[in-house]
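Text of data23.csv, listed as CSV, C-alpha atoms:
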```csv
chain,number,residue,atom,x,y,z
I,1,MET,CA,0.0,0.0,0.0
I,2,ASN,CA,1.5,3.4,-1.0
I,3,SER,CA,1.4,6.4,1.3
I,4,LYS,CA,-1.4,8.1,-0.5
I,5,THR,CA,-3.7,5.0,-0.3
I,6,PHE,CA,-2.7,4.5,3.4
I,7,CYS,CA,-3.7,8.1,4.2
I,8,PHE,CA,-7.0,7.7,2.4
I,9,ALA,CA,-7.8,4.5,4.3
I,10,ILE,CA,-7.0,6.3,7.7
I,11,LEU,CA,-9.3,9.2,6.7
I,12,ILE,CA,-12.2,6.9,5.8
I,13,THR,CA,-11.8,4.9,9.1
I,14,ALA,CA,-11.8,8.1,11.1
I,15,LEU,CA,-15.0,9.4,9.3
I,16,ILE,CA,-16.8,6.1,9.9
I,17,SER,CA,-15.7,6.2,13.6
I,18,PHE,CA,-16.9,9.8,14.0
I,19,THR,CA,-20.3,9.4,12.4
I,20,GLY,CA,-20.9,6.1,14.1
I,21,CYS,CA,-20.5,7.6,17.6
I,22,ARG,CA,-22.5,10.8,17.1
I,23,THR,CA,-25.4,11.2,19.5
I,24,SER,CA,-28.4,13.6,19.4
I,25,VAL,CA,-28.1,16.0,22.3
I,26,PRO,CA,-31.1,18.2,23.1
I,27,VAL,CA,-30.5,21.9,22.6
I,28,ALA,CA,-30.4,23.7,25.9
I,29,ALA,CA,-30.7,27.4,26.5
I,30,HIS,CA,-28.8,29.2,29.2
I,31,PRO,CA,-29.6,27.8,32.6
I,32,SER,CA,-31.7,30.9,33.4
I,33,GLY,CA,-33.2,31.1,29.9
I,34,ASN,CA,-35.6,29.4,27.6
I,35,ASN,CA,-35.8,28.0,24.1
I,36,TYR,CA,-38.0,30.4,22.1
I,37,VAL,CA,-39.4,29.5,18.7
I,38,LEU,CA,-40.9,32.6,17.1
I,39,VAL,CA,-43.5,32.3,14.2
I,40,HIS,CA,-44.3,35.3,12.1
I,41,GLY,CA,-47.6,36.2,10.6
I,42,ALA,CA,-48.9,36.2,7.0
I,43,TRP,CA,-46.7,37.8,4.3
I,44,GLY,CA,-43.8,38.1,6.8
I,45,GLY,CA,-40.7,36.2,7.7
I,46,GLY,CA,-38.3,35.4,10.4
I,47,TRP,CA,-36.8,38.9,9.8
I,48,ASP,CA,-39.8,40.4,11.4
I,49,TRP,CA,-38.6,39.2,14.9
I,50,ARG,CA,-35.0,40.3,14.7
I,51,GLN,CA,-35.3,43.0,17.4
I,52,VAL,CA,-37.1,40.6,19.8
I,53,ASP,CA,-34.5,37.9,19.0
I,54,ASP,CA,-31.7,40.3,20.0
I,55,LEU,CA,-33.3,41.2,23.3
I,56,LEU,CA,-34.2,37.6,24.2
I,57,THR,CA,-30.7,36.4,23.3
I,58,ALA,CA,-29.1,39.2,25.4
I,59,ASP,CA,-31.1,37.9,28.4
I,60,GLY,CA,-29.6,34.4,28.0
I,61,ASN,CA,-32.3,32.7,26.0
I,62,LYS,CA,-31.9,30.5,22.9
I,63,VAL,CA,-34.0,31.9,20.0
I,64,PHE,CA,-35.1,30.3,16.7
I,65,ARG,CA,-36.9,32.5,14.2
I,66,ALA,CA,-38.9,30.3,11.9
I,67,THR,CA,-39.5,31.5,8.3
I,68,LEU,CA,-42.4,29.6,6.7
I,69,THR,CA,-42.1,28.1,3.3
I,70,GLY,CA,-42.5,30.7,0.5
I,71,GLN,CA,-42.1,33.7,2.9
I,72,GLY,CA,-39.2,36.0,3.8
I,73,GLU,CA,-35.8,34.7,2.7
I,74,ARG,CA,-37.6,31.5,1.5
I,75,ALA,CA,-39.8,33.4,-1.0
I,76,HIS,CA,-37.9,31.7,-3.8
I,77,LEU,CA,-39.7,28.5,-2.8
I,78,SER,CA,-43.2,30.0,-3.1
I,79,ASN,CA,-45.9,28.1,-5.0
I,80,THR,CA,-49.6,27.9,-5.0
I,81,ASN,CA,-49.6,24.3,-3.5
I,82,ILE,CA,-48.3,25.6,-0.1
I,83,ASP,CA,-51.0,25.4,2.5
I,84,LEU,CA,-51.5,25.7,6.3
I,85,GLU,CA,-50.2,22.1,6.8
I,86,THR,CA,-47.0,23.0,5.0
I,87,HIS,CA,-46.4,25.8,7.5
I,88,ILE,CA,-47.2,23.6,10.5
I,89,GLU,CA,-44.7,21.0,9.3
I,90,ASP,CA,-42.1,23.8,8.8
I,91,VAL,CA,-42.2,24.6,12.5
I,92,VAL,CA,-42.6,20.9,13.7
I,93,ASN,CA,-39.5,20.1,11.7
I,94,LEU,CA,-37.6,23.0,13.1
I,95,ILE,CA,-38.3,21.8,16.6
I,96,VAL,CA,-37.6,18.1,15.9
I,97,TRP,CA,-34.5,18.6,13.8
I,98,GLU,CA,-33.0,21.1,16.2
I,99,ASN,CA,-33.9,18.6,18.9
I,100,LEU,CA,-35.6,21.3,21.0
I,101,HIS,CA,-37.5,20.6,24.2
I,102,ASP,CA,-39.3,22.9,26.7
I,103,VAL,CA,-40.1,25.3,23.9
I,104,VAL,CA,-41.8,28.6,24.4
I,105,LEU,CA,-43.7,28.7,21.1
I,106,VAL,CA,-44.8,32.2,20.0
I,107,GLY,CA,-47.2,32.9,17.2
I,108,HIS,CA,-48.2,36.3,15.7
I,109,SER,CA,-51.3,36.9,13.7
I,110,TYR,CA,-51.6,34.0,11.2
I,111,GLY,CA,-48.8,32.4,13.2
I,112,GLY,CA,-51.5,31.5,15.7
I,113,MET,CA,-53.0,29.0,13.2
I,114,VAL,CA,-49.5,27.5,12.8
I,115,ILE,CA,-48.6,27.2,16.5
I,116,THR,CA,-52.0,25.7,17.3
I,117,GLY,CA,-51.2,22.9,14.8
I,118,VAL,CA,-47.7,22.5,16.1
I,119,ALA,CA,-48.9,22.1,19.7
I,120,ASP,CA,-51.3,19.4,18.4
I,121,ARG,CA,-48.5,17.5,16.7
I,122,VAL,CA,-45.7,17.7,19.3
I,123,PRO,CA,-47.2,18.7,22.6
I,124,ASP,CA,-44.4,16.9,24.5
I,125,ARG,CA,-41.9,19.4,23.1
I,126,ILE,CA,-43.8,22.6,24.1
I,127,LYS,CA,-43.5,24.3,27.5
I,128,GLN,CA,-45.6,27.4,26.8
I,129,LEU,CA,-47.7,28.8,24.0
I,130,VAL,CA,-47.9,32.5,23.5
I,131,TYR,CA,-50.4,34.1,21.0
I,132,VAL,CA,-49.5,37.7,20.1
I,133,ASP,CA,-52.6,39.3,18.5
I,134,ALA,CA,-53.1,36.0,16.8
I,135,LEU,CA,-55.8,33.7,15.5
I,136,LEU,CA,-56.8,31.0,18.0
I,137,PRO,CA,-58.7,28.5,15.8
I,138,GLU,CA,-61.0,25.6,16.8
I,139,ASN,CA,-60.7,22.3,15.0
I,140,GLY,CA,-61.9,22.6,11.4
I,141,GLN,CA,-61.6,26.4,11.2
I,142,SER,CA,-59.5,28.1,8.5
I,143,VAL,CA,-58.4,31.7,8.5
I,144,LEU,CA,-61.3,32.5,6.2
I,145,THR,CA,-63.9,31.0,8.6
I,146,ALA,CA,-62.2,32.1,11.8
I,147,ILE,CA,-62.4,35.8,10.7
I,148,PRO,CA,-65.5,35.7,8.3
I,149,GLY,CA,-65.7,39.5,8.3
I,150,ARG,CA,-62.4,39.8,6.4
I,151,ASN,CA,-63.2,38.9,2.9
I,152,VAL,CA,-59.7,38.2,1.6
I,153,ARG,CA,-61.1,36.1,-1.3
I,154,GLN,CA,-61.4,39.3,-3.3
I,155,ALA,CA,-57.7,39.9,-3.0
I,156,VAL,CA,-56.6,36.5,-4.4
I,157,THR,CA,-54.6,36.9,-7.6
I,158,ASN,CA,-53.3,33.8,-9.4
I,159,GLY,CA,-53.5,31.7,-6.3
I,160,TYR,CA,-51.9,34.3,-4.0
I,161,ILE,CA,-53.1,36.8,-1.5
I,162,LEU,CA,-51.1,39.9,-2.2
I,163,PRO,CA,-49.8,42.4,0.4
I,164,VAL,CA,-51.4,45.4,-1.2
I,165,TRP,CA,-49.4,47.8,1.1
I,166,VAL,CA,-46.2,46.8,-0.7
I,167,THR,CA,-45.7,48.8,-3.9
I,168,GLY,CA,-42.9,48.7,-6.4
I,169,ASN,CA,-39.9,46.6,-5.7
I,170,PRO,CA,-38.5,47.7,-2.3
I,171,PRO,CA,-35.3,46.2,-1.0
I,172,PRO,CA,-35.6,43.3,1.4
I,173,PRO,CA,-36.9,42.7,4.0
I,174,HIS,CA,-40.5,43.2,3.0
I,175,ASP,CA,-43.8,41.4,3.0
I,176,VAL,CA,-44.4,39.0,0.1
I,177,PRO,CA,-47.4,37.3,-1.5
I,178,MET,CA,-49.1,34.5,0.6
I,179,PRO,CA,-50.3,31.3,-1.1
I,180,ALA,CA,-54.1,31.4,-0.8
I,181,LEU,CA,-54.4,27.8,0.4
I,182,THR,CA,-52.8,28.9,3.7
I,183,PHE,CA,-55.9,30.9,4.4
I,184,SER,CA,-58.5,28.5,3.0
I,185,GLN,CA,-57.3,25.1,4.4
I,186,PRO,CA,-59.1,24.1,7.7
I,187,ILE,CA,-56.9,23.1,10.6
I,188,THR,CA,-57.0,19.5,11.7
I,189,LEU,CA,-56.5,18.9,15.4
I,190,THR,CA,-56.4,15.3,16.6
I,191,ASN,CA,-54.5,15.6,19.9
I,192,GLN,CA,-56.4,18.3,21.7
I,193,ALA,CA,-56.4,16.7,25.1
I,194,ASN,CA,-52.6,16.8,25.3
I,195,ALA,CA,-52.3,20.2,23.6
I,196,ALA,CA,-54.8,21.6,26.1
I,197,ALA,CA,-52.5,20.7,29.0
I,198,ILE,CA,-49.8,23.2,27.7
I,199,HIS,CA,-49.6,26.5,29.5
I,200,ALA,CA,-50.7,29.3,27.3
I,201,LEU,CA,-50.9,33.1,27.2
I,202,TYR,CA,-52.9,35.4,24.9
I,203,ILE,CA,-51.6,38.9,24.3
I,204,LEU,CA,-54.1,41.3,22.6
I,205,THR,CA,-52.5,44.4,21.1
I,206,VAL,CA,-54.8,47.4,20.9
I,207,ASP,CA,-54.1,50.8,19.2
I,208,LYS,CA,-53.9,53.7,21.6
I,209,GLY,CA,-57.3,55.3,22.2
I,210,ARG,CA,-59.2,52.3,20.9
I,211,ALA,CA,-61.4,50.0,22.9
I,212,PRO,CA,-60.3,46.3,23.0
I,213,GLU,CA,-63.8,45.3,21.8
I,214,GLN,CA,-63.1,47.2,18.6
I,215,ASP,CA,-60.0,45.1,17.8
I,216,GLY,CA,-60.3,42.5,15.1
I,217,PHE,CA,-58.6,39.9,17.3
I,218,TYR,CA,-60.8,40.5,20.3
I,219,GLN,CA,-62.8,37.4,19.7
I,220,PHE,CA,-59.7,35.2,20.1
I,221,TYR,CA,-58.8,37.1,23.3
I,222,GLN,CA,-62.3,36.2,24.6
I,223,ARG,CA,-61.8,32.6,23.5
I,224,ALA,CA,-58.5,32.4,25.4
I,225,GLN,CA,-60.2,33.8,28.5
I,226,ALA,CA,-63.1,31.3,28.2
I,227,ARG,CA,-60.4,28.5,28.3
I,228,GLY,CA,-59.0,29.9,31.5
I,229,TRP,CA,-55.8,31.2,30.0
I,230,PRO,CA,-53.9,34.2,31.4
I,231,SER,CA,-54.4,37.1,29.0
I,232,GLU,CA,-52.9,40.5,28.6
I,233,ILE,CA,-53.9,43.7,26.8
I,234,MET,CA,-50.9,45.5,25.4
I,235,GLU,CA,-51.0,49.0,23.9
I,236,GLY,CA,-49.6,49.1,20.4
I,237,ASP,CA,-50.3,48.4,16.8
I,238,HIS,CA,-50.7,44.9,15.3
I,239,ASN,CA,-46.9,44.5,14.8
I,240,VAL,CA,-45.7,45.1,18.3
I,241,GLN,CA,-42.7,42.9,17.6
I,242,ARG,CA,-41.4,45.8,15.5
I,243,SER,CA,-42.9,48.9,17.3
I,244,HIS,CA,-42.7,47.8,21.0
I,245,PRO,CA,-40.1,45.0,21.1
I,246,LYS,CA,-38.9,45.8,24.7
I,247,GLU,CA,-42.5,45.7,26.1
I,248,LEU,CA,-43.3,42.5,24.2
I,249,VAL,CA,-40.1,40.8,25.5
I,250,HIS,CA,-41.0,41.8,29.0
I,251,LEU,CA,-44.3,40.0,28.7
I,252,LEU,CA,-42.8,36.9,27.0
I,253,GLU,CA,-40.1,36.5,29.7
I,254,GLN,CA,-42.6,37.2,32.5
I,255,ALA,CA,-44.9,34.5,31.2
I,256,SER,CA,-42.2,31.8,30.7
I,257,HIS,CA,-40.7,31.9,34.2
```
Hey, can you dump this file as C-alpha cells for me?
Amino acid sequence: MNSKTFCFAILITALISFTGCRTSVPVAAHPSGNNYVLVHGAWGGGWDWRQVDDLLTADGNKVFRATLTGQGERAHLSNTNIDLETHIEDVVNLIVWENLHDVVLVGHSYGGMVITGVADRVPDRIKQLVYVDALLPENGQSVLTAIPGRNVRQAVTNGYILPVWVTGNPPPPHDVPMPALTFSQPITLTNQANAAAIHALYILTVDKGRAPEQDGFYQFYQRAQARGWPSEIMEGDHNVQRSHPKELVHLLEQASH
C-alpha cells in the first residue's frame, strides 16, 4: 500500500468512527433562559422578529426565528400548493431537527394558526404557548372561517393573497405574497387533550385610544379567557414585535418563568 492509499484509508476509518458515535443532544438554553421559537404572521418572515430575538438572546435565551415556506428569505420556494399544513410542518421540523424541548412557542397573527397545529403534533416538546394578536382556531376552522368579516377572497390573484401595502420593488426585507391555500385550508386537530395541557398566554394588542372590543382579534382574546388562559392587553399596533419589542419581550419573559 503506497502512502497516498494508506492516508485515504485512515481518513475513511476516522470518518466512519466519528459518524458512528454521534449522538443527538437536546439543545439547551442558558440555565436561566428558555428555548424560544418565534413564528411570524402572514406575508412576513423570520426577519420580522430580529429585534425581539436580539433582546431575548441578550437575556440568555436561545432563540429560533422560523421562516415559513414561501415567505421572507424563502420566497424563492413559493408556489400555490403551499398550505397551512406545510407551514405547520415547517415549525414541527424546526423543533424536531434542532432537537428542542421545553419550547416557548410564540405565534403572531396568522402564526396563531400555525402554533395551534404544532402544539397538536408535538405537545411533549412545548413548555408554553404565546399568542400575540393572533388567531386561535378551533378544530376545522380556517383563516377565512375564523375571521369571516375579512373577505380576503377578493384579494386573491393567481393563487396568492397579495400584500397590497407593498408597492414597487422595495429592497428586502418586506412582505411577500401569501399562497391562498394557507388561508382556506381548515386546521385538523387530533390531539387536543394533550395540547390543552400546555400552559398558554394570549396577548391582545390594541391601538392607543381604541377600545379592546373594537379590535379584530378581540374574539380570540375572549376565547382564550373562556379557556381559563392568562391574558394581557398591550397598547400598540398589530406589529408590536417591531414597534414595541422591549415591552413584548418583558411579557414573554414574564410568562415563561
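Distance-wise, CA of Val92 in chain I and CA of Gly60 in chain I end up 23.6 Å apart.
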Legend entry - Top pick for closest residue to Leu129 in chain I, considering I:Gly236, I:Pro230, I:Gly33, I:Pro186 and counting all atoms listed in the file: I:Pro230
Legend entry - Distance in Å - CA of Lys127 in chain I versus CA of Gly70 in chain I: 27.8 Å
Legend entry - From I:Val106, I:Ala42, I:Ile198, I:Leu77, residue lying nearest Arg65 in chain I [only C-alpha atoms]: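 Among the listed residues, I:Val106 lies closest to Arg65 in chain I.
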Inset, instruction - State, in Å with one decimal place, the distance from CA of Gln192 in chain I to CA of Asn139 in chain I. - result: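 Between CA of Gln192 in chain I and CA of Asn139 in chain I the gap works out to 8.9 Å.
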Inset, instruction - Pick out the residues sitting within 8 Å of Leu84 in chain I, and hand them over as number ranges by chain; count only C-alpha atoms, and ignore anything fewer than 3 positions along from it in its own chain. - result: I: 87-88, 113-114, 181-183, 185-187
Legend entry - Neighbour residues at most 10 Å from (-36.6, 27.5, 25.1) (all atoms listed in the file) as a VMD selection string: chain I and resid 27 to 30 33 to 37 61 to 64 100 to 105 125 to 128 256
Inset, instruction - Identify, on the basis of only C-alpha atoms, every residue whose closest approach to Pro148 in chain I does not exceed 12 Å; exclude the query and any residue fewer than 6 positions from it along the same chain; express the result as a list in words. - result: Gln141, Ser142, Phe183, Ser184, Gly216 and Gln219 of chain I
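Proximity of I:Ala66, I:Asp53, I:Val156, I:His40 to Glu98 in chain I, computed with all atoms listed in the file, is greatest for I:Ala66.
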Legend entry - Among listed residues I:Arg50, I:Thr69, I:Leu189, I:Leu144, nearest Val118 in chain I (using all atoms listed in the file): I:Leu189
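The residue that comes closest to Asp237 in chain I, out of I:Asn191, I:Ser78, I:Thr205, I:Gln222 and on the basis of only C-alpha atoms, is I:Thr205.
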Could you pull the residues within 10 Å of Gly45 in chain I, counting all atoms listed in the file, minus those fewer than 6 positions along the same chain, as an mmCIF file with C-alpha atoms, in the coordinates of the input?
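Okay, result.cif is ready:
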```
data_model
loop_
_atom_site.group_PDB
_atom_site.id
_atom_site.type_symbol
_atom_site.label_atom_id
_atom_site.label_comp_id
_atom_site.auth_asym_id
_atom_site.auth_seq_id
_atom_site.Cartn_x
_atom_site.Cartn_y
_atom_site.Cartn_z
ATOM 1 C CA VAL I 39 -43.500 32.300 14.200
ATOM 2 C CA ARG I 65 -36.900 32.500 14.200
ATOM 3 C CA ALA I 66 -38.900 30.300 11.900
ATOM 4 C CA THR I 67 -39.500 31.500 8.300
ATOM 5 C CA LEU I 68 -42.400 29.600 6.700
ATOM 6 C CA THR I 69 -42.100 28.100 3.300
ATOM 7 C CA GLY I 70 -42.500 30.700 0.500
ATOM 8 C CA GLN I 71 -42.100 33.700 2.900
ATOM 9 C CA GLY I 72 -39.200 36.000 3.800
ATOM 10 C CA GLU I 73 -35.800 34.700 2.700
ATOM 11 C CA ARG I 74 -37.600 31.500 1.500
ATOM 12 C CA ALA I 75 -39.800 33.400 -1.000
ATOM 13 C CA PRO I 173 -36.900 42.700 4.000
ATOM 14 C CA HIS I 174 -40.500 43.200 3.000
ATOM 15 C CA ASP I 175 -43.800 41.400 3.000
ATOM 16 C CA VAL I 176 -44.400 39.000 0.100
#
```
